[in-house]
$ cat entry-v6.json   # JSON, C-alpha atoms and all ligand atoms
[["chain", "number", "residue", "atom", "x", "y", "z"],
["A", 24, "MET", "CA", 31.98, -18.88, 19.96],
["A", 25, "ASP", "CA", 35.17, -20.63, 18.99],
["A", 26, "LEU", "CA", 37.25, -17.43, 18.79],
["A", 27, "PRO", "CA", 40.44, -16.99, 20.82],
["A", 28, "LYS", "CA", 39.89, -15.14, 24.11],
["A", 29, "THR", "CA", 42.78, -12.65, 23.84],
["A", 30, "ARG", "CA", 44.67, -10.78, 21.12],
["A", 31, "ALA", "CA", 47.87, -12.62, 22.10],
["A", 32, "GLU", "CA", 46.14, -15.96, 21.62],
["A", 33, "ALA", "CA", 44.70, -14.80, 18.29],
["A", 34, "LYS", "CA", 48.13, -13.65, 17.12],
["A", 35, "ALA", "CA", 49.72, -16.90, 18.19],
["A", 36, "CYS", "CA", 47.29, -19.00, 16.14],
["A", 37, "GLY", "CA", 46.95, -16.54, 13.26],
["A", 38, "ALA", "CA", 43.24, -15.85, 13.85],
["A", 39, "THR", "CA", 41.81, -12.62, 12.43],
["A", 40, "HIS", "CA", 39.37, -12.09, 15.31],
["A", 41, "TYR", "CA", 39.19, -12.71, 19.05],
["A", 42, "PHE", "CA", 36.42, -12.38, 21.61],
["A", 43, "THR", "CA", 36.97, -11.33, 25.20],
["A", 44, "GLY", "CA", 33.33, -11.07, 26.25],
["A", 45, "VAL", "CA", 34.18, -7.76, 27.90],
["A", 46, "PRO", "CA", 32.35, -4.64, 26.58],
["A", 47, "CYS", "CA", 34.46, -2.25, 24.48],
["A", 48, "SER", "CA", 34.78, 1.44, 25.40],
["A", 49, "ARG", "CA", 31.48, 2.08, 23.57],
["A", 50, "GLY", "CA", 29.78, -0.78, 25.37],
["A", 51, "HIS", "CA", 29.64, -3.38, 22.56],
["A", 52, "ILE", "CA", 30.03, -7.00, 23.51],
["A", 53, "ALA", "CA", 31.41, -8.12, 20.16],
["A", 54, "PRO", "CA", 34.43, -9.80, 18.56],
["A", 55, "ARG", "CA", 37.49, -7.63, 17.94],
["A", 56, "LYS", "CA", 39.84, -7.75, 15.02],
["A", 57, "THR", "CA", 43.34, -8.96, 15.82],
["A", 58, "LYS", "CA", 44.70, -6.09, 13.73],
["A", 59, "GLY", "CA", 42.02, -3.56, 14.63],
["A", 60, "ALA", "CA", 39.16, -2.69, 16.90],
["A", 61, "CYS", "CA", 35.76, -3.99, 18.01],
["A", 62, "VAL", "CA", 33.81, -4.99, 14.90],
["A", 63, "GLU", "CA", 30.71, -3.06, 16.02],
["A", 64, "CYS", "CA", 32.78, 0.09, 16.53],
["A", 65, "MET", "CA", 34.24, -0.37, 13.06],
["A", 66, "LYS", "CA", 30.74, -0.69, 11.58],
["A", 67, "GLU", "CA", 29.69, 2.53, 13.32],
["A", 68, "ASP", "CA", 32.74, 4.35, 12.04],
["A", 69, "TRP", "CA", 32.14, 3.11, 8.47],
["A", 70, "ALA", "CA", 28.55, 4.29, 8.63],
["A", 71, "ILE", "CA", 29.67, 7.75, 9.77],
["A", 72, "ASP", "CA", 32.27, 7.90, 6.97],
["A", 73, "ASN", "CA", 29.70, 6.80, 4.40],
["A", 74, "GLU", "CA", 27.25, 9.47, 5.51],
["A", 75, "LYS", "CA", 29.96, 12.12, 5.34],
["A", 76, "ARG", "CA", 30.95, 11.02, 1.85],
["A", 77, "LYS", "CA", 27.36, 10.89, 0.62],
["A", 78, "SER", "CA", 26.49, 14.34, 1.96],
["A", 79, "LYS", "CA", 29.33, 15.93, 0.01],
["A", 80, "PRO", "CA", 28.74, 16.69, -3.67],
["A", 81, "LYS", "CA", 30.74, 14.36, -5.93],
["A", 82, "THR", "CA", 33.88, 15.83, -7.48],
["A", 83, "GLU", "CA", 34.26, 15.68, -11.25],
["A", 84, "ALA", "CA", 37.04, 13.12, -10.80],
["A", 85, "ALA", "CA", 34.78, 10.91, -8.68],
["A", 86, "LYS", "CA", 31.98, 11.18, -11.26],
["A", 87, "ALA", "CA", 34.39, 10.24, -14.05],
["A", 88, "ALA", "CA", 35.69, 7.29, -12.04],
["A", 89, "GLY", "CA", 32.11, 6.14, -11.43],
["A", 90, "LYS", "CA", 31.35, 6.34, -15.13],
["A", 91, "ARG", "CA", 34.50, 4.40, -16.04],
["A", 92, "TYR", "CA", 33.63, 1.71, -13.51],
["A", 93, "TYR", "CA", 30.11, 1.48, -14.93],
["A", 94, "GLU", "CA", 31.35, 1.18, -18.52],
["A", 95, "LYS", "CA", 33.71, -1.63, -17.52],
["A", 96, "ASN", "CA", 31.25, -3.51, -15.30],
["A", 97, "LYS", "CA", 27.85, -2.69, -16.81],
["A", 98, "GLU", "CA", 26.30, -6.13, -16.36],
["A", 99, "LEU", "CA", 27.54, -6.50, -12.80],
["A", 100, "VAL", "CA", 26.31, -3.04, -11.82],
["A", 101, "LYS", "CA", 22.89, -3.73, -13.33],
["A", 102, "ALA", "CA", 22.63, -7.16, -11.70],
["A", 103, "ARG", "CA", 23.54, -5.65, -8.33],
["A", 104, "ALA", "CA", 21.01, -2.85, -8.77],
["A", 105, "ASN", "CA", 18.28, -5.37, -9.64],
["A", 106, "ALA", "CA", 19.15, -7.53, -6.64],
["A", 107, "ARG", "CA", 18.45, -4.64, -4.26],
["A", 108, "PRO", "CA", 15.25, -4.77, -2.22],
["A", 109, "ALA", "CA", 12.28, -3.10, -3.98],
["A", 110, "GLU", "CA", 12.06, -0.38, -1.35],
["A", 111, "GLU", "CA", 15.69, 0.58, -1.94],
["A", 112, "ARG", "CA", 15.24, 0.54, -5.73],
["A", 113, "ARG", "CA", 12.28, 2.89, -5.39],
["A", 114, "ARG", "CA", 14.34, 5.25, -3.23],
["A", 115, "HIS", "CA", 17.20, 5.29, -5.74],
["A", 116, "LYS", "CA", 14.82, 5.94, -8.62],
["A", 117, "LEU", "CA", 13.18, 8.81, -6.77],
["A", 118, "ALA", "CA", 16.57, 10.32, -5.98],
["A", 119, "TYR", "CA", 17.56, 10.02, -9.65],
["A", 120, "LYS", "CA", 14.29, 11.65, -10.65],
["A", 121, "GLU", "CA", 14.93, 14.54, -8.27],
["A", 122, "GLN", "CA", 18.43, 14.99, -9.65],
["A", 123, "ASN", "CA", 17.25, 14.95, -13.27],
["A", 124, "PRO", "CA", 13.99, 16.91, -13.30],
["A", 125, "ASP", "CA", 14.40, 18.07, -16.91],
["A", 126, "LEU", "CA", 14.87, 14.54, -18.20],
["A", 127, "TYR", "CA", 11.71, 13.37, -16.43],
["A", 128, "LYS", "CA", 9.70, 16.40, -17.59],
["A", 129, "ALA", "CA", 10.73, 15.60, -21.14],
["A", 130, "LEU", "CA", 9.86, 11.90, -20.79],
["A", 131, "THR", "CA", 6.46, 12.73, -19.33],
["A", 132, "SER", "CA", 5.64, 15.18, -22.09],
["A", 133, "VAL", "CA", 6.69, 12.67, -24.76],
["A", 134, "ARG", "CA", 4.44, 10.05, -23.19],
["A", 135, "LYS", "CA", 1.52, 12.48, -22.87],
["A", 136, "ARG", "CA", 1.85, 13.58, -26.47],
["A", 137, "ARG", "CA", 2.07, 9.94, -27.61],
["A", 138, "HIS", "CA", -1.13, 9.12, -25.70],
["A", 139, "ARG", "CA", -2.89, 12.21, -27.09],
["A", 140, "ASP", "CA", -1.86, 11.37, -30.64],
["A", 141, "ALA", "CA", -3.13, 7.80, -30.21],
["A", 142, "THR", "CA", -6.48, 8.84, -28.72],
["A", 143, "PRO", "CA", -9.22, 8.88, -31.39],
["A", 144, "LYS", "CA", -11.39, 12.01, -31.71],
["A", 145, "TRP", "CA", -14.56, 9.95, -31.19],
["A", 146, "ILE", "CA", -13.63, 8.70, -27.69],
["A", 147, "THR", "CA", -16.49, 9.20, -25.19],
["A", 148, "ALA", "CA", -16.32, 10.66, -21.69],
["A", 149, "ASP", "CA", -17.11, 7.23, -20.25],
["A", 150, "GLN", "CA", -14.24, 5.67, -22.16],
["A", 151, "LYS", "CA", -11.90, 8.40, -20.92],
["A", 152, "LEU", "CA", -13.05, 7.64, -17.39],
["A", 153, "ALA", "CA", -12.42, 3.92, -17.96],
["A", 154, "ILE", "CA", -8.83, 4.74, -18.98],
["A", 155, "ARG", "CA", -8.38, 6.78, -15.83],
["A", 156, "GLN", "CA", -9.71, 3.88, -13.75],
["A", 157, "LEU", "CA", -7.09, 1.57, -15.25],
["A", 158, "TYR", "CA", -4.27, 3.93, -14.26],
["A", 159, "LEU", "CA", -5.72, 4.23, -10.76],
["A", 160, "SER", "CA", -6.00, 0.47, -10.41],
["A", 161, "ALA", "CA", -2.34, 0.08, -11.46],
["A", 162, "ILE", "CA", -1.41, 2.46, -8.63],
["A", 163, "ARG", "CA", -3.66, 0.56, -6.21],
["A", 164, "MET", "CA", -2.24, -2.83, -7.22],
["A", 165, "THR", "CA", 1.27, -1.48, -6.68],
["A", 166, "GLU", "CA", 0.33, -0.30, -3.19],
["A", 167, "ILE", "CA", -1.39, -3.55, -2.26],
["A", 168, "THR", "CA", 1.15, -6.03, -3.61],
["A", 169, "GLY", "CA", 4.37, -4.01, -3.32],
["A", 170, "GLU", "CA", 5.16, -5.04, -6.88],
["A", 171, "ARG", "CA", 5.07, -2.36, -9.53],
["A", 172, "TYR", "CA", 2.02, -2.50, -11.80],
["A", 173, "VAL", "CA", 1.75, -0.48, -15.01],
["A", 174, "VAL", "CA", -0.82, 0.17, -17.71],
["A", 175, "ASP", "CA", 0.21, -1.60, -20.88],
["A", 176, "HIS", "CA", -0.95, -0.94, -24.42],
["A", 177, "ILE", "CA", -1.81, -4.42, -25.74],
["A", 178, "VAL", "CA", -1.03, -3.31, -29.28],
["A", 179, "PRO", "CA", 1.87, -0.90, -28.77],
["A", 180, "LEU", "CA", 1.28, 2.74, -29.71],
["A", 181, "ILE", "CA", 4.45, 2.63, -31.71],
["A", 182, "SER", "CA", 5.26, -0.58, -33.50],
["A", 183, "PRO", "CA", 6.73, -1.41, -36.89],
["A", 184, "ASP", "CA", 3.57, -3.23, -38.07],
["A", 185, "VAL", "CA", 0.49, -1.60, -36.63],
["A", 186, "CYS", "CA", -0.04, 1.31, -34.24],
["A", 187, "GLY", "CA", -2.28, 0.75, -31.24],
["A", 188, "LEU", "CA", -4.81, 3.22, -29.87],
["A", 189, "HIS", "CA", -5.00, 4.82, -26.45],
["A", 190, "VAL", "CA", -8.47, 3.38, -25.76],
["A", 191, "PRO", "CA", -9.76, 1.22, -22.87],
["A", 192, "TRP", "CA", -9.89, -2.01, -24.89],
["A", 193, "ASN", "CA", -6.24, -1.67, -25.84],
["A", 194, "LEU", "CA", -5.18, -1.18, -22.23],
["A", 195, "ARG", "CA", -4.54, -3.64, -19.41],
["A", 196, "VAL", "CA", -2.91, -3.56, -16.00],
["A", 197, "ILE", "CA", 0.14, -5.83, -15.75],
["A", 198, "THR", "CA", 3.29, -5.98, -13.67],
["A", 199, "GLN", "CA", 6.31, -3.97, -14.68],
["A", 200, "THR", "CA", 8.19, -7.28, -14.99],
["A", 201, "GLU", "CA", 5.66, -8.66, -17.50],
["A", 202, "ASN", "CA", 5.78, -5.39, -19.37],
["A", 203, "LEU", "CA", 9.56, -5.50, -19.68],
["A", 204, "GLN", "CA", 9.43, -9.13, -20.85],
["A", 205, "LYS", "CA", 6.91, -8.09, -23.47],
["A", 206, "SER", "CA", 9.06, -5.24, -24.78],
["A", 207, "ASN", "CA", 12.06, -7.57, -24.95],
["A", 208, "LYS", "CA", 10.02, -10.07, -26.95],
["A", 209, "LEU", "CA", 8.83, -7.36, -29.33],
["A", 210, "VAL", "CA", 12.40, -6.25, -29.84],
["A", 211, "ASP", "CA", 13.39, -9.87, -30.52],
["A", 212, "THR", "CA", 10.54, -10.43, -32.96],
["A", 213, "HIS", "CA", 11.54, -7.43, -34.99],
["A", 214, "ALA", "CA", 15.26, -7.96, -34.83],
["A", 215, "PRO", "CA", 16.89, -8.34, -38.24],
["A", 216, "GLU", "CA", 17.51, -11.98, -39.23],
["A", 301, "ZN", "ZN", 32.70, -1.36, 20.10]]
$ encode --input "entry-v6.json" --output "structure tokens" --more "lines below"
Ligand SMILES: [Zn+2]
Amino acid sequence: MDLPKTRAEAKACGATHYFTGVPCSRGHIAPRKTKGACVECMKEDWAIDNEKRKSKPKTEAAKAAGKRYYEKNKELVKARANARPAEERRRHKLAYKEQNPDLYKALTSVRKRRHRDATPKWITADQKLAIRQLYLSAIRMTEITGERYVVDHIVPLISPDVCGLHVPWNLRVITQTENLQKSNKLVDTHAPE
């Protein structure tokens, strides 16, 4: 390492860090900040502070500040969220779901009703089973690949032109990404000129 060996040396040359090679009081052998402590100690302290902050419920002021930040930096916040590892995104989504149970109950019941309304009376037990298999294979594909798979209605159940049915031959298993691209395209196609 090319860092100065002492704080005095670091100060003299204006370096932000120095490295003595001697363990700190917590036993880290790590660079130290010229105007601070061992960088590993600082990381530990930040982690403790973060945990403390997260375990406390957010104040109204903090919530409002978060909302204002989001409104100002929507694209950045979304890009950052999408850049997170899949595992982390899943965790966040689950946490959001747990915090908003009513919203998710409502969404599920809307989806169920939409499927029921789009299922023809003449559907057979075998066809119902085939639909179930598709949903199970989406779950399996997600587990195997780590990428989220969903069941897509090839002709959408709700579309301006024609309404699709909730039947096996109108269903296919595709990735969430493909599904989102499709819905964007549909929105584009039907956008006013
Ligand atoms: Zn340390």
$ residues_around --input "entry-v6.json" --residues "stretch 24-28 of chain A" --least-positions-apart "6" --cutoff "9 Å" --atoms "all atoms listed in the file" --output "JSON, numbers by chain"
{"A": [36, 38, 40, 41, 42, 43, 44, 54]}
$ closest_residue --input "entry-v6.json" --among "A:Glu170, A:Ser182, A:Asn73, A:Ala84" --to "A:Arg112" --atoms "all atoms listed in the file"
A:Glu170
$ closest_atom_pairs --input "entry-v6.json" --of "chain A" --to "ligand ZN 301 (chain A)" --cutoff "9 Å" --atoms "only C-alpha atoms and all ligand atoms" --output "CSV"
residue,atom,partner,partner_atom,distance
A:Pro46,CA,A:ZN301,ZN,7.3
A:Cys47,CA,A:ZN301,ZN,4.8
A:Ser48,CA,A:ZN301,ZN,6.3
A:Arg49,CA,A:ZN301,ZN,5.0
A:Gly50,CA,A:ZN301,ZN,6.1
A:His51,CA,A:ZN301,ZN,4.4
A:Ile52,CA,A:ZN301,ZN,7.1
A:Ala53,CA,A:ZN301,ZN,6.9
A:Pro54,CA,A:ZN301,ZN,8.8
A:Arg55,CA,A:ZN301,ZN,8.2
A:Ala60,CA,A:ZN301,ZN,7.3
A:Cys61,CA,A:ZN301,ZN,4.5
A:Val62,CA,A:ZN301,ZN,6.4
A:Glu63,CA,A:ZN301,ZN,4.8
A:Cys64,CA,A:ZN301,ZN,3.9
A:Met65,CA,A:ZN301,ZN,7.3
A:Lys66,CA,A:ZN301,ZN,8.8
A:Glu67,CA,A:ZN301,ZN,8.4
$ residues_near_point --input "entry-v6.json" --point "(-6.1, 11.1, -25.4)" --cutoff "12 Å" --atoms "only C-alpha atoms" --output "count of residues only"
25
$ atom_distance --input "entry-v6.json" --atom1 "atom CA of A:His176" --atom2 "atom CA of A:Leu194"
4.8 Å
$ atom_distance --input "entry-v6.json" --atom1 "atom CA of A:Glu201" --atom2 "atom CA of A:Ser132"
24.3 Å
$ residues_around --input "entry-v6.json" --residues "A:Arg113" --least-positions-apart "3" --cutoff "12 Å" --atoms "all atoms listed in the file" --output "ChimeraX atom specification"
/A:104-105,107-110,116-120,165,169-171
$ closest_residue --input "entry-v6.json" --among "A:Ile197, A:Ala33, A:Ala87, A:Cys186" --to "A:Val173" --atoms "only C-alpha atoms"
A:Ile197
$ closest_residue --input "entry-v6.json" --among "A:Arg76, A:Lys58, A:Lys205, A:Arg163" --to "A:Asp175" --atoms "only C-alpha atoms"
A:Lys205
$ atom_distance --input "entry-v6.json" --atom1 "atom CA of A:Ala31" --atom2 "atom CA of A:Lys56"
11.8 Å
